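Each remark here refers to the structure printed beneath this line.
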Amino acid sequence: METKLKILLVSDDEVIHNQILNGISGSYPIQLIGPGDVVREINRDVQDIVIFVQADGDIEVESIQYIKSVSPSTLVIFIAKNSDFSQLRNITKAGASEFFVYPEEHGLFISRFPSIFQNYELQKLKQDTSFSSFTGGRGKIITVFSGNGGSGKSNLAAALAQTIKLESTAEVILIDLNLQFGGIETLLSIQSNRSIADLTPVINELNESHIRNVSQKLDSSKLEVLISPCDAETAETITEEFVAKLLRTCRRSFDFVIVDLPAYINSNVVTALEESDQIYYVLTPDTPALKVLKQFEELAVRLGMELPSRTSIVLNKLAKDNEVQEKDLKTFLRFPVAATVRHDIKGLQPFINKGEPVRKIAKEKRMIPFAKDVRKWAVSVLK
């Protein structure tokens with residue numbers, strides 16, 4: 001059965017979730033997470049159906065309330081481990097639509113799930129309207145990362161954000177999370193005393209107004225930019241909780257959140273990667289860069305980061321005289337190649353030296369090769 005609906009199974013009981021997966025996963029794509037990962041996963045992606053197995057610690061009411069507050073249209077099915085009327089009442093008030101008791105009603109759940117799924121799918125089809133333009137509600141977080149310094153990721157992140165803004169009606173914000181040294185402010189000639197660090201006092205009540213008061217708007221594209229404090233001491237005060245709250249608030253306020261990450265791994269970078277809907281790893285066609293990519297993949301596995309489903313490669317600085325060519329790379333890359341960008345020193349260097357955006361108007365007739373390649377990438381992101 002082919003479906004675009006996303007089903008999330010929340011469980012820390014191996015026996016129950018294995019029986020559920022054996023009963024229905026053959027027909028439906030289901031993602032399994034623990035109760036502690038609910039907040040992160042619900043913020044990262046819209047889930048159509050959540051099957052919530054009663055957890056140890058009585059956190060289900062709070063978790064279901066959070067799911068419904070972030071995504072009111074999500075259908076929540078609760079699997080209880082015992083018959084308890086007060087629990088049923090609390091779970092129903094929290095927002096669960098269906099309630100089954102394990103193990104007595106396990107067979108009933110398995111038999112009824114196809115009709116529950118089909119009814120939800122029909123209801124969603126009726127609610128869907130034709131796509132005309134971007135509307136507020138839930139944006140997409142895109143991180144541009146590379147473990148290799150000098151890969152050109154900051155240039156690509158800035159150009160991608162500008163291009164998406166110029167090629168669509170989307171609300172776009174570019175965030176520089178290279179907290180120690182920055183870089184985006186130099187590429188875009190932004191001179192301001194305000195930075196991400198100014199949001200620290202209001203992080204617990206952060207909203208769109210706070211972000212727009214601190215961000216800088218480019219005159220050419222109207223792109224919003226949150227620049228780095230460019231200060232190592234200040235960077236130490238910004239925690240992974242801050243990064244998570246910032247990205248989640250931006251997701252609710254903008255259609256696209258483009259994040260430029262530093263070329264190393266720390267808790268803030270891991271948080272940004274975990275919050276991301278799409279990760280673009282910038283790879284230059286040379287042996288040292290390939291070695292760093294392999295080390296990043298191994299580290300991600302040790303850290304428990306789920307990369308394969310949302311990571312793509314952007315090949316940067318491609319040229320005929322490269323040590324490694326594109327056709328050689330595709331044979332052993334673990335992730336798909338989403339875009340290729342030509343090595344364009346003559347065209348790009350003047351923009352970098354002057355600190356000017358490579359794109360300034362929507363229908364630009366004379367674009368440098370770098371800008372043309374980024375435009376193809378941006379169009380694929382918008383589809």
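Naming works like this for the structure tokens: A, B, ... for the chains as they're shown, residue 1 at the start of each chain, ligands 1 onward in shown order.
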Please identify every residue of region 94-193 of chain A that has at least one atom no farther than 10 Å from an atom of region 30-53 of chain A, counting only C-alpha atoms, and for each give the shortest atom pair and the distance in Å to one decimal, arranged by chain then increasing number, as a tab-separated table.
residue	atom	partner	partner_atom	distance
A:Ala96	CA	A:Phe52	CA	9.1
A:Glu98	CA	A:Ile51	CA	9.3
A:Phe99	CA	A:Phe52	CA	9.7
A:Phe100	CA	A:Val53	CA	9.6
A:Val101	CA	A:Val53	CA	9.8
A:Tyr102	CA	A:Val53	CA	9.2
A:Ile116	CA	A:Ile49	CA	9.7
A:Phe117	CA	A:Ile49	CA	8.2
A:Tyr120	CA	A:Asp48	CA	8.5
A:Glu121	CA	A:Asp48	CA	9.0
A:Lys124	CA	A:Asp48	CA	9.2
A:Arg138	CA	A:Val46	CA	8.4
A:Gly139	CA	A:Asp45	CA	9.4
A:Lys140	CA	A:Arg44	CA	8.3
A:Ile141	CA	A:Arg44	CA	8.0
Can you spit out the residues from that selection as a short mmCIF file (atom, residue, chain, number, x, y, z; two decimals), in the first residue's frame, using N, CA and C atoms?
data_model
loop_
_atom_site.label_atom_id
_atom_site.label_comp_id
_atom_site.auth_asym_id
_atom_site.auth_seq_id
_atom_site.Cartn_x
_atom_site.Cartn_y
_atom_site.Cartn_z
N ALA A 96 -6.61 12.43 22.54
CA ALA A 96 -6.59 11.13 21.86
C ALA A 96 -7.96 10.81 21.27
N GLU A 98 -8.68 7.63 19.73
CA GLU A 98 -8.97 6.20 19.89
C GLU A 98 -8.24 5.66 21.12
N PHE A 99 -8.84 4.63 21.76
CA PHE A 99 -8.29 4.11 23.01
C PHE A 99 -8.45 2.59 23.01
N PHE A 100 -7.32 1.86 23.12
CA PHE A 100 -7.35 0.40 23.15
C PHE A 100 -6.56 -0.09 24.36
N VAL A 101 -7.02 -1.21 24.93
CA VAL A 101 -6.35 -1.79 26.10
C VAL A 101 -5.57 -3.03 25.66
N TYR A 102 -4.29 -3.06 26.02
CA TYR A 102 -3.43 -4.21 25.70
C TYR A 102 -3.36 -5.12 26.93
N ILE A 116 -9.45 2.92 10.38
CA ILE A 116 -9.07 4.19 11.00
C ILE A 116 -8.17 4.99 10.06
N PHE A 117 -7.20 4.30 9.48
CA PHE A 117 -6.27 4.92 8.55
C PHE A 117 -7.00 5.47 7.33
N TYR A 120 -9.13 8.56 8.07
CA TYR A 120 -8.29 9.74 8.26
C TYR A 120 -7.78 10.25 6.92
N GLU A 121 -7.38 9.30 6.06
CA GLU A 121 -6.86 9.68 4.74
C GLU A 121 -7.92 10.40 3.91
N LYS A 124 -8.47 13.89 5.32
CA LYS A 124 -7.38 14.79 4.97
C LYS A 124 -7.48 15.25 3.52
N ARG A 138 3.87 26.02 9.56
CA ARG A 138 4.98 25.11 9.84
C ARG A 138 6.00 25.18 8.73
N GLY A 139 7.17 25.64 9.05
CA GLY A 139 8.20 25.79 8.04
C GLY A 139 9.13 24.59 7.98
N LYS A 140 10.12 24.70 7.13
CA LYS A 140 11.08 23.62 6.91
C LYS A 140 12.47 24.11 7.32
N ILE A 141 13.13 23.32 8.17
CA ILE A 141 14.48 23.67 8.61
C ILE A 141 15.49 22.95 7.73
#
Proximity of region 205-237 of chain A to region 185-196 of chain A: per-residue shortest pair, 8 Å limit, only C-alpha atoms, as a tab-separated table:
residue	atom	partner	partner_atom	distance
A:Val214	CA	A:Arg194	CA	5.8
A:Ser215	CA	A:Ser195	CA	7.3
A:Gln216	CA	A:Ile190	CA	7.7
A:Leu226	CA	A:Ile196	CA	6.0
A:Ile227	CA	A:Ser195	CA	5.1
A:Ser228	CA	A:Ser195	CA	5.6
A:Pro229	CA	A:Ser195	CA	5.2
Using backbone DSSP assignments, extract all strand (DSSP E) residues from region 31-192 of chain A; output them as a count of residues only.
-> 29
Pairwise distance for CA of Leu9 (chain A) and CA of Ala94 (chain A), rounded to one decimal in Å | 17.6 Å
Identify, on the basis of only C-alpha atoms, every residue whose closest approach to Ile173 (chain A) does not exceed 6 Å; exclude the query and any residue fewer than 4 positions from it along the same chain; express the result as a PyMOL selection string.
-> chain A and resi 224-225+257
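Using only C-alpha atoms, the protein and nucleic acid residues lying no more than 12 Å from Val15 (chain A), apart from those fewer than 3 places from it along its own chain, are Ser11, Asp12, Asn18, Gln19, Ile20, Leu21, Asn22, Val53, Lys81, Tyr102 and Pro103 of chain A.
Of the residues under consideration (A:Arg375, A:His343, A:Arg302, A:Lys330), A:Arg375 shows the shortest atom-to-atom contact distance to Val358 (chain A) when counting only C-alpha atoms.
Taking CA of Gly182 (chain A) and CA of Cys230 (chain A) as the two end points, the separation is 5.0 Å.
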Please build the interface table for region 95-154 of chain A against region 271-285 of chain A with a cut-off of 12 Å, listing for each qualifying residue the nearest atom pair and the distance in Å to one decimal; count only C-alpha atoms, order rows by chain and increasing number, and write it as JSON lines.
{"residue": "A:Arg138", "atom": "CA", "partner": "A:Asp277", "partner_atom": "CA", "distance": 11.4}
{"residue": "A:Gly139", "atom": "CA", "partner": "A:Asp277", "partner_atom": "CA", "distance": 9.4}
{"residue": "A:Lys140", "atom": "CA", "partner": "A:Asp277", "partner_atom": "CA", "distance": 6.1}
{"residue": "A:Ile141", "atom": "CA", "partner": "A:Ser276", "partner_atom": "CA", "distance": 4.9}
{"residue": "A:Ile142", "atom": "CA", "partner": "A:Gln278", "partner_atom": "CA", "distance": 4.9}
{"residue": "A:Thr143", "atom": "CA", "partner": "A:Ile279", "partner_atom": "CA", "distance": 5.0}
{"residue": "A:Val144", "atom": "CA", "partner": "A:Tyr280", "partner_atom": "CA", "distance": 4.9}
{"residue": "A:Phe145", "atom": "CA", "partner": "A:Tyr281", "partner_atom": "CA", "distance": 5.0}
{"residue": "A:Ser146", "atom": "CA", "partner": "A:Val282", "partner_atom": "CA", "distance": 5.2}
{"residue": "A:Gly147", "atom": "CA", "partner": "A:Tyr281", "partner_atom": "CA", "distance": 8.4}
{"residue": "A:Asn148", "atom": "CA", "partner": "A:Leu283", "partner_atom": "CA", "distance": 7.9}
{"residue": "A:Gly149", "atom": "CA", "partner": "A:Val282", "partner_atom": "CA", "distance": 10.2}
{"residue": "A:Gly150", "atom": "CA", "partner": "A:Thr284", "partner_atom": "CA", "distance": 9.0}
{"residue": "A:Ser151", "atom": "CA", "partner": "A:Thr284", "partner_atom": "CA", "distance": 6.0}
{"residue": "A:Gly152", "atom": "CA", "partner": "A:Val282", "partner_atom": "CA", "distance": 7.5}
{"residue": "A:Lys153", "atom": "CA", "partner": "A:Val282", "partner_atom": "CA", "distance": 6.0}
{"residue": "A:Ser154", "atom": "CA", "partner": "A:Val282", "partner_atom": "CA", "distance": 9.8}
Generate a file of the selected residues that holds N, CA and C atoms, formatted as an mmCIF file, in the first residue's frame.
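Once written, result_7.cif looks like this:
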data_model
loop_
_atom_site.group_PDB
_atom_site.id
_atom_site.type_symbol
_atom_site.label_atom_id
_atom_site.label_comp_id
_atom_site.auth_asym_id
_atom_site.auth_seq_id
_atom_site.Cartn_x
_atom_site.Cartn_y
_atom_site.Cartn_z
ATOM 1 N N ARG A 138 3.875 26.017 9.560
ATOM 2 C CA ARG A 138 4.982 25.108 9.843
ATOM 3 C C ARG A 138 5.998 25.183 8.729
ATOM 4 N N GLY A 139 7.170 25.643 9.047
ATOM 5 C CA GLY A 139 8.202 25.792 8.040
ATOM 6 C C GLY A 139 9.127 24.593 7.976
ATOM 7 N N LYS A 140 10.122 24.698 7.131
ATOM 8 C CA LYS A 140 11.082 23.622 6.913
ATOM 9 C C LYS A 140 12.467 24.107 7.317
ATOM 10 N N ILE A 141 13.128 23.324 8.168
ATOM 11 C CA ILE A 141 14.480 23.674 8.610
ATOM 12 C C ILE A 141 15.488 22.949 7.730
ATOM 13 N N ILE A 142 16.341 23.726 7.079
ATOM 14 C CA ILE A 142 17.368 23.180 6.191
ATOM 15 C C ILE A 142 18.730 23.592 6.732
ATOM 16 N N THR A 143 19.572 22.622 7.060
ATOM 17 C CA THR A 143 20.914 22.928 7.528
ATOM 18 C C THR A 143 21.934 22.639 6.432
ATOM 19 N N VAL A 144 22.910 23.533 6.333
ATOM 20 C CA VAL A 144 24.022 23.368 5.393
ATOM 21 C C VAL A 144 25.264 23.131 6.238
ATOM 22 N N PHE A 145 25.863 21.958 6.060
ATOM 23 C CA PHE A 145 26.943 21.540 6.962
ATOM 24 C C PHE A 145 28.068 20.887 6.176
ATOM 25 N N SER A 146 29.252 20.974 6.746
ATOM 26 C CA SER A 146 30.391 20.212 6.242
ATOM 27 C C SER A 146 31.404 20.087 7.364
ATOM 28 N N GLY A 147 32.001 18.926 7.489
ATOM 29 C CA GLY A 147 33.051 18.747 8.487
ATOM 30 C C GLY A 147 34.378 19.257 7.999
ATOM 31 N N ASN A 148 34.421 19.680 6.745
ATOM 32 C CA ASN A 148 35.661 20.102 6.107
ATOM 33 C C ASN A 148 35.677 21.619 5.976
ATOM 34 N N GLY A 149 36.629 22.290 6.579
ATOM 35 C CA GLY A 149 36.747 23.739 6.454
ATOM 36 C C GLY A 149 37.101 24.135 5.029
ATOM 37 N N GLY A 150 36.574 25.283 4.586
ATOM 38 C CA GLY A 150 36.873 25.769 3.242
ATOM 39 C C GLY A 150 36.057 25.116 2.151
ATOM 40 N N SER A 151 34.986 24.424 2.523
ATOM 41 C CA SER A 151 34.156 23.744 1.522
ATOM 42 C C SER A 151 33.237 24.710 0.769
ATOM 43 N N GLY A 152 33.067 25.922 1.319
ATOM 44 C CA GLY A 152 32.183 26.893 0.681
ATOM 45 C C GLY A 152 30.755 26.833 1.186
ATOM 46 N N LYS A 153 30.538 26.194 2.335
ATOM 47 C CA LYS A 153 29.171 26.012 2.821
ATOM 48 C C LYS A 153 28.492 27.330 3.186
ATOM 49 N N SER A 154 29.217 28.290 3.747
ATOM 50 C CA SER A 154 28.599 29.565 4.115
ATOM 51 C C SER A 154 28.134 30.322 2.871
#
If you run DSSP on this backbone, which residues of region 29-267 of chain A come out as helix (DSSP H, G or I), and could you give them as a PyMOL selection string?
-> chain A and resi 35-44+60-70+85-94+106-127+153-167+184-187+196-205+208-214+232-235+240-253+267
With distances taken over only C-alpha atoms, which of A:Ile59, A:Met367, A:Leu122, A:Met305 is nearest to Thr163 (chain A)?
-> A:Met367
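Checking A:Val341, A:Ser25, A:Gln54, A:Lys317 one by one against Asp84 (chain A), counting only C-alpha atoms, you find the shortest gap at A:Gln54.
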